[in-house]
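Listing of model.txt, compact mmCIF, C-alpha atoms and all ligand atoms
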```txt
# COMPACT_ATOMS: atom_id res chain seq x y z
CA MET A 126 -27.41 21.31 23.52
CA THR A 127 -28.44 18.43 21.29
CA LYS A 128 -25.59 16.98 19.34
CA PRO A 129 -25.83 16.54 15.56
CA LYS A 130 -26.51 12.94 14.62
CA ILE A 131 -24.25 11.19 12.15
CA ALA A 132 -24.20 7.77 10.49
CA PHE A 133 -21.48 5.54 9.06
CA TYR A 134 -22.32 2.87 6.52
CA TRP A 135 -20.38 0.55 4.23
CA CYS A 136 -21.32 -0.70 0.80
CA ALA A 137 -18.89 -2.67 -1.43
CA SER A 138 -15.71 -2.10 0.54
CA CYS A 139 -12.90 -3.95 2.28
CA GLY A 140 -13.56 -2.45 5.72
CA GLY A 141 -10.46 -0.25 5.60
CA CYS A 142 -12.52 2.95 5.73
CA GLU A 143 -14.25 1.72 8.88
CA GLU A 144 -10.79 0.96 10.25
CA ALA A 145 -9.74 4.54 9.46
CA VAL A 146 -12.45 5.80 11.83
CA ILE A 147 -11.03 3.53 14.55
CA ASP A 148 -7.56 4.82 13.64
CA LEU A 149 -8.68 8.19 14.98
CA GLY A 150 -7.65 6.62 18.31
CA GLU A 151 -8.22 8.97 21.22
CA ASP A 152 -9.50 11.60 18.78
CA LEU A 153 -12.52 9.33 18.31
CA LEU A 154 -13.50 10.25 21.89
CA ALA A 155 -13.34 13.92 20.91
CA VAL A 156 -15.54 13.18 17.87
CA VAL A 157 -18.22 11.42 19.94
CA GLU A 158 -18.18 14.40 22.31
CA LEU A 159 -19.25 16.54 19.36
CA VAL A 160 -21.72 14.23 17.62
CA GLU A 161 -24.15 11.42 18.34
CA VAL A 162 -23.49 8.30 16.28
CA ALA A 163 -26.99 7.21 15.28
CA PHE A 164 -26.04 4.36 12.93
CA TRP A 165 -22.78 2.43 12.51
CA PRO A 166 -23.60 -1.23 11.92
CA VAL A 167 -20.01 -2.41 11.73
CA ALA A 168 -19.28 -1.25 15.27
CA LEU A 169 -22.57 -0.71 17.10
CA ASP A 170 -25.79 -2.70 17.26
CA PHE A 171 -28.03 -0.64 15.00
CA LYS A 172 -30.50 -2.03 12.49
CA ARG A 173 -32.03 -0.71 9.30
CA GLU A 174 -35.28 -0.07 11.22
CA ASP A 175 -33.40 2.42 13.42
CA VAL A 176 -32.64 4.49 10.32
CA GLU A 177 -36.16 4.10 8.98
CA ALA A 178 -37.52 5.44 12.29
CA LEU A 179 -35.58 8.72 11.91
CA ALA A 180 -37.31 11.77 10.42
CA ASP A 181 -36.22 12.76 6.93
CA GLY A 182 -33.12 14.96 7.17
CA GLU A 183 -32.68 14.17 10.89
CA LEU A 184 -29.09 12.99 10.40
CA ALA A 185 -26.67 15.90 10.04
CA ALA A 186 -24.46 13.70 7.87
CA ALA A 187 -24.03 10.16 6.60
CA PHE A 188 -20.49 9.01 5.85
CA ILE A 189 -20.92 6.24 3.29
CA ASN A 190 -17.91 4.18 2.20
CA GLY A 191 -17.66 1.55 -0.50
CA ALA A 192 -18.90 1.39 -4.06
CA VAL A 193 -22.42 0.25 -4.93
CA ARG A 194 -22.80 -3.27 -6.34
CA THR A 195 -25.93 -4.82 -4.84
CA SER A 196 -29.58 -3.85 -4.54
CA GLU A 197 -29.25 -3.81 -0.74
CA GLN A 198 -26.41 -1.27 -0.93
CA GLU A 199 -28.46 0.88 -3.29
CA GLU A 200 -31.50 0.74 -0.99
CA MET A 201 -29.41 1.71 2.05
CA ALA A 202 -27.74 4.55 0.15
CA ARG A 203 -31.16 5.90 -0.89
CA LEU A 204 -32.52 5.53 2.67
CA LEU A 205 -29.53 7.34 4.20
CA ARG A 206 -29.80 10.04 1.53
CA ARG A 207 -33.40 10.69 2.56
CA LYS A 208 -32.56 10.79 6.26
CA SER A 209 -29.44 12.99 5.97
CA ALA A 210 -28.89 16.70 5.51
CA ALA A 211 -25.48 15.90 3.99
CA VAL A 212 -24.05 12.76 2.43
CA ILE A 213 -20.28 12.34 2.31
CA ALA A 214 -18.74 9.83 -0.11
CA PHE A 215 -16.11 8.46 2.26
CA GLY A 216 -13.02 6.97 0.64
CA SER A 217 -11.93 6.07 -2.88
CA CYS A 218 -14.51 3.32 -3.42
CA ALA A 219 -17.51 5.56 -2.68
CA MET A 220 -15.98 8.50 -4.53
CA LEU A 221 -14.46 6.80 -7.59
CA GLY A 222 -15.38 3.11 -7.45
CA GLY A 223 -12.08 2.04 -5.87
CA VAL A 224 -10.39 -1.32 -6.18
CA PRO A 225 -13.76 -3.19 -6.25
CA GLY A 226 -14.45 -1.11 -9.38
CA LEU A 227 -11.86 -3.11 -11.31
CA ALA A 228 -14.58 -5.77 -11.43
CA ASN A 229 -16.02 -3.60 -14.22
CA LEU A 230 -13.45 -5.25 -16.48
CA TYR A 231 -15.65 -8.35 -16.36
CA GLU A 232 -19.29 -9.22 -16.95
CA SER A 233 -21.23 -9.96 -13.76
CA ARG A 234 -22.06 -13.50 -14.94
CA ASP A 235 -18.33 -14.19 -15.44
CA ILE A 236 -17.58 -13.00 -11.92
CA LEU A 237 -20.23 -15.29 -10.42
CA ASP A 238 -18.98 -18.16 -12.56
CA ALA A 239 -15.36 -17.60 -11.47
CA VAL A 240 -16.21 -17.26 -7.77
CA TYR A 241 -18.81 -20.03 -7.41
CA ARG A 242 -17.70 -22.54 -10.04
CA ARG A 243 -14.15 -22.12 -11.29
CA ALA A 244 -12.16 -21.05 -8.20
CA PRO A 245 -9.72 -23.88 -7.36
CA SER A 246 -10.99 -24.24 -3.79
CA VAL A 247 -14.68 -24.45 -4.77
CA GLN A 248 -16.61 -27.73 -4.68
CA ASN A 249 -19.88 -27.12 -6.48
CA SER A 250 -20.60 -30.12 -8.68
CA ASP A 251 -24.13 -28.87 -9.48
CA GLY A 252 -22.76 -25.49 -10.60
CA THR A 253 -25.23 -23.70 -8.31
CA LEU A 254 -25.10 -19.90 -8.42
CA PRO A 255 -26.55 -17.54 -5.80
CA ALA A 256 -30.18 -16.81 -6.64
CA GLU A 257 -32.21 -13.79 -5.62
CA GLU A 258 -35.00 -16.14 -4.57
CA SER A 259 -34.75 -19.76 -3.41
CA HIS A 260 -37.50 -22.01 -2.21
CA VAL A 261 -36.46 -24.40 0.56
CA PRO A 262 -38.61 -26.62 2.81
CA GLU A 263 -38.38 -24.00 5.55
CA GLY A 264 -39.69 -21.21 3.31
CA GLU A 265 -38.39 -18.65 0.83
CA LEU A 266 -34.86 -17.26 0.98
CA THR A 267 -33.82 -14.02 -0.70
CA LEU A 268 -30.48 -12.41 -1.54
CA PRO A 269 -29.74 -8.89 -2.79
CA ALA A 270 -29.46 -8.57 -6.58
CA PHE A 271 -25.93 -8.35 -8.03
CA SER A 272 -25.92 -5.44 -10.49
CA ALA A 273 -24.34 -5.36 -13.93
CA SER A 274 -21.51 -3.04 -12.86
CA VAL A 275 -19.91 -1.33 -9.87
CA ARG A 276 -21.13 2.26 -9.44
CA THR A 277 -19.78 5.18 -7.48
CA LEU A 278 -22.03 6.60 -4.76
CA ASP A 279 -22.87 9.68 -6.84
CA GLN A 280 -23.96 7.46 -9.72
CA VAL A 281 -26.73 6.26 -7.38
CA ILE A 282 -27.63 9.17 -5.07
CA ASP A 283 -26.93 12.87 -4.75
CA VAL A 284 -23.65 13.38 -2.85
CA ASP A 285 -22.75 16.58 -1.01
CA TYR A 286 -19.05 16.08 -0.21
CA TYR A 287 -16.19 13.75 -1.04
CA LEU A 288 -13.48 12.54 1.37
CA PRO A 289 -10.85 10.80 -0.78
CA GLY A 290 -8.26 8.20 0.16
CA CYS A 291 -7.88 4.48 0.53
CA PRO A 292 -8.70 4.94 3.35
CA PRO A 293 -9.13 8.70 3.98
CA PRO A 294 -6.31 10.08 6.17
CA THR A 295 -7.37 10.55 9.78
CA GLY A 296 -6.51 14.28 9.72
CA LEU A 297 -8.98 14.84 6.89
CA ILE A 298 -11.68 12.86 8.75
CA THR A 299 -11.25 14.96 11.88
CA SER A 300 -11.29 18.19 9.85
CA ALA A 301 -14.46 17.10 8.06
CA VAL A 302 -16.29 16.27 11.30
CA THR A 303 -15.12 19.53 12.91
CA ALA A 304 -16.25 21.56 9.88
CA LEU A 305 -19.61 19.78 9.98
CA VAL A 306 -20.14 20.54 13.67
CA GLU A 307 -19.02 24.15 13.29
CA GLY A 308 -21.14 24.64 10.18
CA LYS A 309 -18.05 25.46 8.15
CA LEU A 310 -18.32 22.91 5.37
CA PRO A 311 -17.49 24.38 1.94
CA GLU A 312 -19.96 24.59 -0.89
CA LYS A 313 -21.76 21.46 -2.02
CA GLY A 314 -19.75 19.17 -4.26
CA ALA A 315 -16.39 19.99 -2.67
CA VAL A 316 -13.65 17.43 -2.14
CA LEU A 317 -12.55 17.80 1.48
CA ALA A 318 -8.81 17.72 0.73
CA PRO A 319 -6.29 20.20 -0.74
CA ASP A 320 -6.71 20.97 -4.44
CA VAL A 321 -3.03 20.55 -5.33
CA ALA A 322 -0.98 17.64 -6.64
CA LEU A 323 0.66 15.23 -4.23
CA CYS A 324 4.19 16.23 -5.37
CA SER A 325 3.62 19.55 -3.56
CA GLU A 326 3.71 17.78 -0.17
CA CYS A 327 6.16 15.00 -1.03
CA PRO A 328 9.46 15.05 0.89
CA ARG A 329 11.21 13.95 -2.34
CA ALA A 330 9.84 16.87 -4.40
CA ALA A 331 13.11 18.84 -4.29
CA THR A 332 14.83 15.99 -6.13
CA LYS A 333 12.27 15.85 -8.94
CA PRO A 334 13.98 17.32 -12.01
CA ASP A 335 12.17 20.15 -13.82
CA LYS A 336 12.70 18.31 -17.06
CA LEU A 337 12.28 14.64 -16.38
CA LEU A 338 12.95 11.92 -18.94
CA VAL A 339 12.51 8.25 -18.02
CA GLN A 340 14.20 5.66 -20.20
CA ALA A 341 12.75 2.52 -18.61
CA PHE A 342 9.99 1.83 -16.09
CA ARG A 343 10.54 -0.67 -13.29
CA ARG A 344 8.30 -2.12 -10.63
CA PRO A 345 9.26 -1.62 -6.97
CA HIS A 346 10.50 -5.20 -6.52
CA GLN A 347 12.80 -4.78 -9.55
CA ALA A 348 14.66 -1.78 -8.15
CA LEU A 349 16.94 -0.93 -5.26
CA ILE A 350 15.04 2.23 -4.40
CA ASP A 351 16.97 5.29 -3.28
CA PRO A 352 15.11 6.51 -0.15
CA GLU A 353 15.70 10.20 -0.92
CA LEU A 354 15.21 10.68 -4.66
CA CYS A 355 11.99 11.28 -6.57
CA LEU A 356 10.55 7.87 -7.40
CA LEU A 357 9.41 8.86 -10.88
CA ALA A 358 12.96 10.00 -11.64
CA GLN A 359 14.08 6.50 -10.58
CA GLY A 360 11.83 4.95 -13.24
CA LEU A 361 9.04 3.91 -10.89
CA VAL A 362 5.47 4.68 -11.94
CA CYS A 363 4.69 7.23 -9.21
CA LEU A 364 1.32 8.90 -9.84
CA GLY A 365 1.99 11.85 -7.52
CA PRO A 366 1.91 14.44 -10.34
CA ALA A 367 -1.70 13.44 -11.19
CA THR A 368 -2.98 12.80 -7.65
CA ARG A 369 -4.58 15.08 -5.08
CA ALA A 370 -2.56 15.89 -1.95
CA GLY A 371 -3.83 15.34 1.60
CA CYS A 372 -2.15 12.10 2.66
CA ALA A 373 1.22 13.74 3.51
CA ALA A 374 2.72 11.58 0.72
CA ALA A 375 2.39 8.49 2.89
CA CYS A 376 3.55 6.05 0.21
CA PRO A 377 6.60 7.90 -1.17
CA GLY A 378 7.49 8.48 2.49
CA ALA A 379 7.51 4.68 2.92
CA ASN A 380 9.62 4.15 -0.23
CA MET A 381 6.66 3.16 -2.41
CA PRO A 382 5.31 5.00 -5.43
CA CYS A 383 1.92 6.71 -5.17
CA THR A 384 -0.82 4.59 -6.74
CA GLY A 385 -3.35 7.43 -6.85
CA CYS A 386 -5.84 6.61 -4.09
CA MET A 387 -6.61 10.28 -3.37
CA GLY A 388 -7.96 10.66 -6.90
CA PRO A 389 -7.72 13.71 -9.14
CA THR A 390 -7.55 17.40 -8.35
CA ASN A 391 -10.57 19.55 -9.25
CA ASN A 392 -11.44 19.98 -12.92
CA VAL A 393 -9.92 16.65 -13.98
CA ILE A 394 -12.65 14.64 -15.68
CA ASP A 395 -10.89 11.27 -15.93
CA TYR A 396 -8.20 10.44 -13.36
CA GLY A 397 -6.76 7.48 -15.32
CA ALA A 398 -6.33 9.54 -18.46
CA LYS A 399 -4.64 12.28 -16.44
CA ALA A 400 -2.31 9.77 -14.76
CA LEU A 401 -1.48 8.14 -18.09
CA SER A 402 -0.76 11.54 -19.59
CA ALA A 403 1.49 12.51 -16.63
CA VAL A 404 3.55 9.33 -17.01
CA ALA A 405 3.61 9.48 -20.82
CA SER A 406 4.93 13.05 -20.68
CA VAL A 407 8.16 11.89 -19.01
CA LEU A 408 8.73 8.97 -21.38
CA ASP A 409 12.06 9.19 -23.22
CA ALA A 410 11.04 7.44 -26.42
CA ASP A 411 10.90 8.24 -30.12
CA GLY A 412 8.97 6.47 -32.79
CA GLU A 413 6.10 4.05 -32.47
CA ASP A 414 8.19 0.93 -31.84
CA GLU A 415 10.15 2.49 -29.00
CA ILE A 416 7.02 4.00 -27.42
CA THR A 417 5.23 0.62 -27.65
CA ALA A 418 8.22 -1.10 -26.01
CA ARG A 419 8.36 1.45 -23.15
CA VAL A 420 4.60 1.26 -22.53
CA ALA A 421 4.80 -2.55 -22.51
CA GLU A 422 7.11 -2.24 -19.49
CA ILE A 423 4.12 -1.00 -17.47
CA ALA A 424 2.45 -4.13 -16.15
CA ASP A 425 -1.36 -4.09 -15.92
CA PRO A 426 -2.05 -0.61 -17.40
CA VAL A 427 -5.72 -0.52 -16.31
CA GLY A 428 -4.81 -1.66 -12.79
CA THR A 429 -2.04 0.94 -12.73
CA PHE A 430 -3.84 4.02 -14.04
CA TYR A 431 -7.46 3.19 -13.11
CA ARG A 432 -6.78 1.25 -9.90
CA TYR A 433 -9.23 3.35 -7.90
CA SER A 434 -11.32 5.07 -10.53
CA LEU A 435 -12.60 2.82 -13.33
CA PRO A 436 -16.34 3.22 -12.48
CA ALA A 437 -15.98 7.03 -12.27
CA SER A 438 -14.03 7.22 -15.52
CA LEU A 439 -15.34 7.98 -18.97
CA LEU A 440 -14.90 4.26 -19.69
CA HIS A 441 -16.92 3.08 -16.62
CA ARG A 442 -16.72 -0.58 -17.64
CA ARG A 443 -15.53 -2.91 -20.34
CA VAL A 444 -18.34 -4.23 -22.49
CA ARG A 445 -17.71 -7.61 -24.00
CA PRO A 446 -18.94 -7.92 -27.59
CA LYS A 447 -21.90 -10.24 -27.70
CA ALA A 448 -21.04 -13.78 -28.76
CA LYS A 449 -22.46 -14.63 -32.18
CA GLU A 450 -24.86 -17.21 -30.77
CA GLN A 451 -26.19 -14.68 -28.20
CA GLU A 452 -26.89 -12.19 -31.00
CA GLU A 453 -28.73 -14.88 -32.89
CA GLU A 454 -30.74 -15.71 -29.76
CA VAL A 455 -32.14 -12.17 -29.56
CA ALA A 456 -32.49 -11.66 -33.32
CA PRO A 457 -36.14 -11.37 -34.46
S1 LIG B 501 6.65 11.94 -8.53
FE1 LIG B 501 6.23 10.79 -6.63
S2 LIG B 501 8.21 10.69 -5.55
FE2 LIG B 501 8.40 12.27 -7.15
S3 LIG B 501 7.93 14.18 -6.07
FE3 LIG B 501 5.99 13.44 -6.98
S4 LIG B 501 5.01 12.21 -5.38
FE4 LIG B 501 7.17 12.50 -4.80
S1 LIG B 502 0.79 8.46 -1.64
FE1 LIG B 502 -0.80 8.10 -3.20
S2 LIG B 502 -1.46 5.96 -2.88
FE2 LIG B 502 -0.32 6.59 -1.03
S3 LIG B 502 -1.89 7.34 0.39
FE3 LIG B 502 -1.13 9.12 -0.76
S4 LIG B 502 -2.52 9.31 -2.52
FE4 LIG B 502 -2.82 7.25 -1.67
```
Kindly return the structure encoded in the file as C-alpha cells.
Amino acid sequence: MTKPKIAFYWCASCGGCEEAVIDLGEDLLAVVELVEVAFWPVALDFKREDVEALADGELAAAFINGAVRTSEQEEMARLLRRKSAAVIAFGSCAMLGGVPGLANLYESRDILDAVYRRAPSVQNSDGTLPAEESHVPEGELTLPAFSASVRTLDQVIDVDYYLPGCPPPTGLITSAVTALVEGKLPEKGAVLAPDVALCSECPRAATKPDKLLVQAFRRPHQALIDPELCLLAQGLVCLGPATRAGCAAACPGANMPCTGCMGPTNNVIDYGAKALSAVASVLDADGEDEITARVAEIADPVGTFYRYSLPASLLHRRVRPKAKEQEEEVAP
C-alpha cells in the first residue's frame, strides 16, 4: 500500500514547531510508518525542485509553520498549497501570526533600520540595508522581498485545518496525523484541538472562585506564587478563561500563567479583545481613575493580550500617521 505523502515547511518562525515534531520522540517512528515525508527542509535534504516535481495535489497534507513575512515564504506557501490536498496551519505563528506578528507594531523600514543600523552590536558605517537586487563583480545577487506586515497563513493561501500552540502539543500532532491517515479529519476549517476554554483542563480550576474580583495585578516575578491556587485569583494575568484547551494547562501546571498560545475557541473573532474582556471582567475597580490605575499595572498590554495574534486580529497592524513632509512629498 502506498503511504500518503506529507510535507513540513517553516516560514517566519523560531524553529520551535519543527522541534515539536522531533519531540514526538519514538512516536515519530510510528508516524513515518504511516506516511512518507516528501519534503522537510529543516531535517532532510529536500529542495524546492522536489516539490515542484510533484503532481498537483500529490501531497496528502502540508504542515506549514510560521507566519508569512517574505516573498519567498509566500511563494513556498502557494507552491505547497497547489501540491497538497490539505494544508494545515501548524502552530500559533501560522494560525494567528504568533510572536513574530508583534513586528506589526512597527513599519517595515523601521525594523530594517533598527536591525541593520541602530542595533548596538552593528557596525555599518555606510548604513547599507538589504536590497532585493545587488550588482557585484561576480554577478547579480537577489534576496526575498520583506513585506509591509506579517500575515497569517490563511491571509495568503486557503487553509484547511489549524493546529494551535506555541508549539502545538505532541498529542495533538499525533492525533492530527492519525486522523489524516485514517481519513477522519473533521470538516474543513476546523481547529484540531478541543473547543473549550483552558480552565476546563487546568488542575487549579477547582480553586477558581465563581465570583472573582482582583484588586491588583502582579507579574510572576513580583509574586510568591501559591502552587495550588488559581493564578488569576492570585492577581496574575492568566489568560486561561479566553484560551482554547489542548495543552493540558502546561503553563499553570509549571506555576506560570497562561499567555494564550492556543488561541481562541471557535466563534471568537478577536482573541486579544476576548482576553482583555476576560481580564477586565474580574477587575475590582470603580470609576475611571481607579480603572486606569489598575489597567496601568498590566505591563505591555499589546504584548500581553495580542502576544500570539496581532496579525489575525481586527487591528492586524499599527499604522503610523504619515509624517508631514512625507504627505507633502506625495501631494500633487
Ligand atoms: S485562570 Fe488560569 S490558573 Fe485559573 S483555572 Fe484558569 S487556567 Fe487555571
Ligand atoms: S497554558 Fe496557555 S501559554 Fe501555556 S501552553 Fe497552554 S495555551 Fe499555551
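A distance cut-off of 7 Å around (-27.0, 14.1, 2.1), counting only C-alpha atoms, selects these protein and nucleic acid residues: Ala186, Ala187, Arg206, Ser209, Ala210, Ala211, Val212, Ile213, Asp283, Val284 and Asp285 of chain A.
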Could those residues be written to a file, using C-alpha atoms, as a CSV table (one decimal), keeping the file's coordinate frame?
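Final output, saved to again-v2.csv:
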```
chain,number,residue,atom,x,y,z
A,186,ALA,CA,-24.5,13.7,7.9
A,187,ALA,CA,-24.0,10.2,6.6
A,206,ARG,CA,-29.8,10.0,1.5
A,209,SER,CA,-29.4,13.0,6.0
A,210,ALA,CA,-28.9,16.7,5.5
A,211,ALA,CA,-25.5,15.9,4.0
A,212,VAL,CA,-24.0,12.8,2.4
A,213,ILE,CA,-20.3,12.3,2.3
A,283,ASP,CA,-26.9,12.9,-4.8
A,284,VAL,CA,-23.6,13.4,-2.8
A,285,ASP,CA,-22.8,16.6,-1.0
```
Segment 441-446 of chain A surroundings by all atoms listed in the file, 8 Å radius, close-in-sequence under 3 positions cut, as a PyMOL selection string: chain A and resi 229-232+274+435-438
At a cut-off of 8 Å, can you tabulate as JSON lines every residue of chain A near ligand LIG 502 (chain B) together with its closest atom pair and the distance in Å to one decimal, using only C-alpha atoms and all ligand atoms and ordering rows by chain then number?
```
{"residue": "A:Gly290", "atom": "CA", "partner": "B:LIG502", "partner_atom": "FE4", "distance": 5.8}
{"residue": "A:Cys291", "atom": "CA", "partner": "B:LIG502", "partner_atom": "FE4", "distance": 6.2}
{"residue": "A:Pro292", "atom": "CA", "partner": "B:LIG502", "partner_atom": "S3", "distance": 7.8}
{"residue": "A:Pro294", "atom": "CA", "partner": "B:LIG502", "partner_atom": "S3", "distance": 7.8}
{"residue": "A:Leu323", "atom": "CA", "partner": "B:LIG502", "partner_atom": "S4", "distance": 6.9}
{"residue": "A:Leu364", "atom": "CA", "partner": "B:LIG502", "partner_atom": "FE1", "distance": 7.0}
{"residue": "A:Gly365", "atom": "CA", "partner": "B:LIG502", "partner_atom": "FE1", "distance": 6.4}
{"residue": "A:Thr368", "atom": "CA", "partner": "B:LIG502", "partner_atom": "S4", "distance": 6.2}
{"residue": "A:Arg369", "atom": "CA", "partner": "B:LIG502", "partner_atom": "S4", "distance": 6.6}
{"residue": "A:Ala370", "atom": "CA", "partner": "B:LIG502", "partner_atom": "S4", "distance": 6.6}
{"residue": "A:Gly371", "atom": "CA", "partner": "B:LIG502", "partner_atom": "FE3", "distance": 7.2}
{"residue": "A:Cys372", "atom": "CA", "partner": "B:LIG502", "partner_atom": "FE3", "distance": 4.6}
{"residue": "A:Ala373", "atom": "CA", "partner": "B:LIG502", "partner_atom": "FE3", "distance": 6.7}
{"residue": "A:Ala374", "atom": "CA", "partner": "B:LIG502", "partner_atom": "S1", "distance": 4.4}
{"residue": "A:Ala375", "atom": "CA", "partner": "B:LIG502", "partner_atom": "S1", "distance": 4.8}
{"residue": "A:Cys376", "atom": "CA", "partner": "B:LIG502", "partner_atom": "FE2", "distance": 4.1}
{"residue": "A:Pro377", "atom": "CA", "partner": "B:LIG502", "partner_atom": "S1", "distance": 5.9}
{"residue": "A:Gly378", "atom": "CA", "partner": "B:LIG502", "partner_atom": "S1", "distance": 7.9}
{"residue": "A:Met381", "atom": "CA", "partner": "B:LIG502", "partner_atom": "FE2", "distance": 7.9}
{"residue": "A:Pro382", "atom": "CA", "partner": "B:LIG502", "partner_atom": "S1", "distance": 6.8}
{"residue": "A:Cys383", "atom": "CA", "partner": "B:LIG502", "partner_atom": "FE1", "distance": 3.6}
{"residue": "A:Thr384", "atom": "CA", "partner": "B:LIG502", "partner_atom": "S2", "distance": 4.1}
{"residue": "A:Gly385", "atom": "CA", "partner": "B:LIG502", "partner_atom": "FE1", "distance": 4.5}
{"residue": "A:Cys386", "atom": "CA", "partner": "B:LIG502", "partner_atom": "FE4", "distance": 3.9}
{"residue": "A:Met387", "atom": "CA", "partner": "B:LIG502", "partner_atom": "S4", "distance": 4.3}
{"residue": "A:Gly388", "atom": "CA", "partner": "B:LIG502", "partner_atom": "S4", "distance": 7.1}
```
Selection export as an mmCIF file, in the frame of the given file, atoms kept: C-alpha atoms:
```
data_model
loop_
_atom_site.group_PDB
_atom_site.id
_atom_site.type_symbol
_atom_site.label_atom_id
_atom_site.label_comp_id
_atom_site.auth_asym_id
_atom_site.auth_seq_id
_atom_site.Cartn_x
_atom_site.Cartn_y
_atom_site.Cartn_z
ATOM 1 C CA GLY A 290 -8.260 8.200 0.160
ATOM 2 C CA CYS A 291 -7.880 4.480 0.530
ATOM 3 C CA PRO A 292 -8.700 4.940 3.350
ATOM 4 C CA PRO A 294 -6.310 10.080 6.170
ATOM 5 C CA LEU A 323 0.660 15.230 -4.230
ATOM 6 C CA LEU A 364 1.320 8.900 -9.840
ATOM 7 C CA GLY A 365 1.990 11.850 -7.520
ATOM 8 C CA THR A 368 -2.980 12.800 -7.650
ATOM 9 C CA ARG A 369 -4.580 15.080 -5.080
ATOM 10 C CA ALA A 370 -2.560 15.890 -1.950
ATOM 11 C CA GLY A 371 -3.830 15.340 1.600
ATOM 12 C CA CYS A 372 -2.150 12.100 2.660
ATOM 13 C CA ALA A 373 1.220 13.740 3.510
ATOM 14 C CA ALA A 374 2.720 11.580 0.720
ATOM 15 C CA ALA A 375 2.390 8.490 2.890
ATOM 16 C CA CYS A 376 3.550 6.050 0.210
ATOM 17 C CA PRO A 377 6.600 7.900 -1.170
ATOM 18 C CA GLY A 378 7.490 8.480 2.490
ATOM 19 C CA MET A 381 6.660 3.160 -2.410
ATOM 20 C CA PRO A 382 5.310 5.000 -5.430
ATOM 21 C CA CYS A 383 1.920 6.710 -5.170
ATOM 22 C CA THR A 384 -0.820 4.590 -6.740
ATOM 23 C CA GLY A 385 -3.350 7.430 -6.850
ATOM 24 C CA CYS A 386 -5.840 6.610 -4.090
ATOM 25 C CA MET A 387 -6.610 10.280 -3.370
ATOM 26 C CA GLY A 388 -7.960 10.660 -6.900
#
```
Which residues of chain A have any atom within 8 Å of an atom in ligand LIG 501 (chain B) when counting only C-alpha atoms and all ligand atoms, and what is the closest pair of atoms for each, with the distance in Å to one decimal? Order the rows by chain and rising number and write it as CSV.
```
residue,atom,partner,partner_atom,distance
A:Leu323,CA,B:LIG501,S4,5.4
A:Cys324,CA,B:LIG501,FE3,3.7
A:Ser325,CA,B:LIG501,S3,7.3
A:Glu326,CA,B:LIG501,S4,7.7
A:Cys327,CA,B:LIG501,FE4,4.6
A:Pro328,CA,B:LIG501,FE4,6.6
A:Arg329,CA,B:LIG501,FE4,4.9
A:Ala330,CA,B:LIG501,S3,3.7
A:Ala331,CA,B:LIG501,S3,7.2
A:Thr332,CA,B:LIG501,S3,7.1
A:Lys333,CA,B:LIG501,S3,5.5
A:Leu354,CA,B:LIG501,S2,7.1
A:Cys355,CA,B:LIG501,FE2,3.8
A:Leu356,CA,B:LIG501,S2,4.1
A:Leu357,CA,B:LIG501,S1,4.8
A:Ala358,CA,B:LIG501,FE2,6.8
A:Cys363,CA,B:LIG501,FE1,4.7
A:Leu364,CA,B:LIG501,FE1,6.2
A:Gly365,CA,B:LIG501,S4,3.7
A:Pro366,CA,B:LIG501,FE3,5.4
A:Ala374,CA,B:LIG501,S4,6.5
A:Pro377,CA,B:LIG501,S2,5.4
A:Pro382,CA,B:LIG501,FE1,6.0
A:Cys383,CA,B:LIG501,FE1,6.1
```
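When the distance limit is 9 Å and all atoms listed in the file are what count, the residues near segment 425-429 of chain A, minus those fewer than 4 positions from it on the same chain, are Val224, Leu227, Val362, Thr384, Gly385, Gly397, Leu401, Val420, Ala421, Tyr433 and Leu435 of chain A.
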Shortest contact to Ala270 of chain A, candidates A:Ala322, A:Glu258, A:Leu338, A:Val176, atoms counted all atoms listed in the file, goes to A:Glu258
Between A:Glu265, A:Asp395, A:Asp238, A:Glu200, which is the closest to Cys136 of chain A once you count all atoms listed in the file? A:Glu200
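The coordinates place atom CA of Gln347 of chain A at 18.4 Å from atom CA of Val404 of chain A.
Proximity of A:Ser246, A:Leu153, A:Val316, A:Arg344 to Ala424 of chain A, computed with all atoms listed in the file, is greatest for A:Arg344.
If you measure from each of A:Leu408, A:Thr295, A:Leu149, A:Ser233 to Phe271 of chain A using all atoms listed in the file, the closest one turns out to be A:Ser233.
Computed from the coordinates, the atom CA of Lys313 of chain A to atom CA of Glu183 of chain A distance equals 18.4 Å.
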Near-segment 190-194 of chain A list (7 Å; all atoms listed in the file; drop same-chain fewer than 4 positions) as a PDB file with C-alpha atoms, in the coordinates of the input:
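out_23.pdb written:
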```
ATOM      1  CA  TYR A 134     -22.320   2.870   6.520  1.00  0.00           C
ATOM      2  CA  TRP A 135     -20.380   0.550   4.230  1.00  0.00           C
ATOM      3  CA  CYS A 136     -21.320  -0.700   0.800  1.00  0.00           C
ATOM      4  CA  ALA A 137     -18.890  -2.670  -1.430  1.00  0.00           C
ATOM      5  CA  SER A 138     -15.710  -2.100   0.540  1.00  0.00           C
ATOM      6  CA  CYS A 142     -12.520   2.950   5.730  1.00  0.00           C
ATOM      7  CA  GLN A 198     -26.410  -1.270  -0.930  1.00  0.00           C
ATOM      8  CA  GLU A 199     -28.460   0.880  -3.290  1.00  0.00           C
ATOM      9  CA  ALA A 214     -18.740   9.830  -0.110  1.00  0.00           C
ATOM     10  CA  PHE A 215     -16.110   8.460   2.260  1.00  0.00           C
ATOM     11  CA  GLY A 216     -13.020   6.970   0.640  1.00  0.00           C
ATOM     12  CA  CYS A 218     -14.510   3.320  -3.420  1.00  0.00           C
ATOM     13  CA  ALA A 219     -17.510   5.560  -2.680  1.00  0.00           C
ATOM     14  CA  GLY A 222     -15.380   3.110  -7.450  1.00  0.00           C
ATOM     15  CA  PHE A 271     -25.930  -8.350  -8.030  1.00  0.00           C
ATOM     16  CA  SER A 272     -25.920  -5.440 -10.490  1.00  0.00           C
ATOM     17  CA  SER A 274     -21.510  -3.040 -12.860  1.00  0.00           C
ATOM     18  CA  VAL A 275     -19.910  -1.330  -9.870  1.00  0.00           C
ATOM     19  CA  ARG A 276     -21.130   2.260  -9.440  1.00  0.00           C
ATOM     20  CA  THR A 277     -19.780   5.180  -7.480  1.00  0.00           C
ATOM     21  CA  LEU A 278     -22.030   6.600  -4.760  1.00  0.00           C
TER      22      LEU A 278
END
```
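Going from atom CA of Pro289 of chain A to atom CA of Val407 of chain A covers 26.4 Å.
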Excluding Val160 of chain A and residues on its chain fewer than 5 positions from it, collect all residues at most 8 Å away from it, counting only C-alpha atoms, and give them as an NGL selection string. :A and (128-131 or 306)
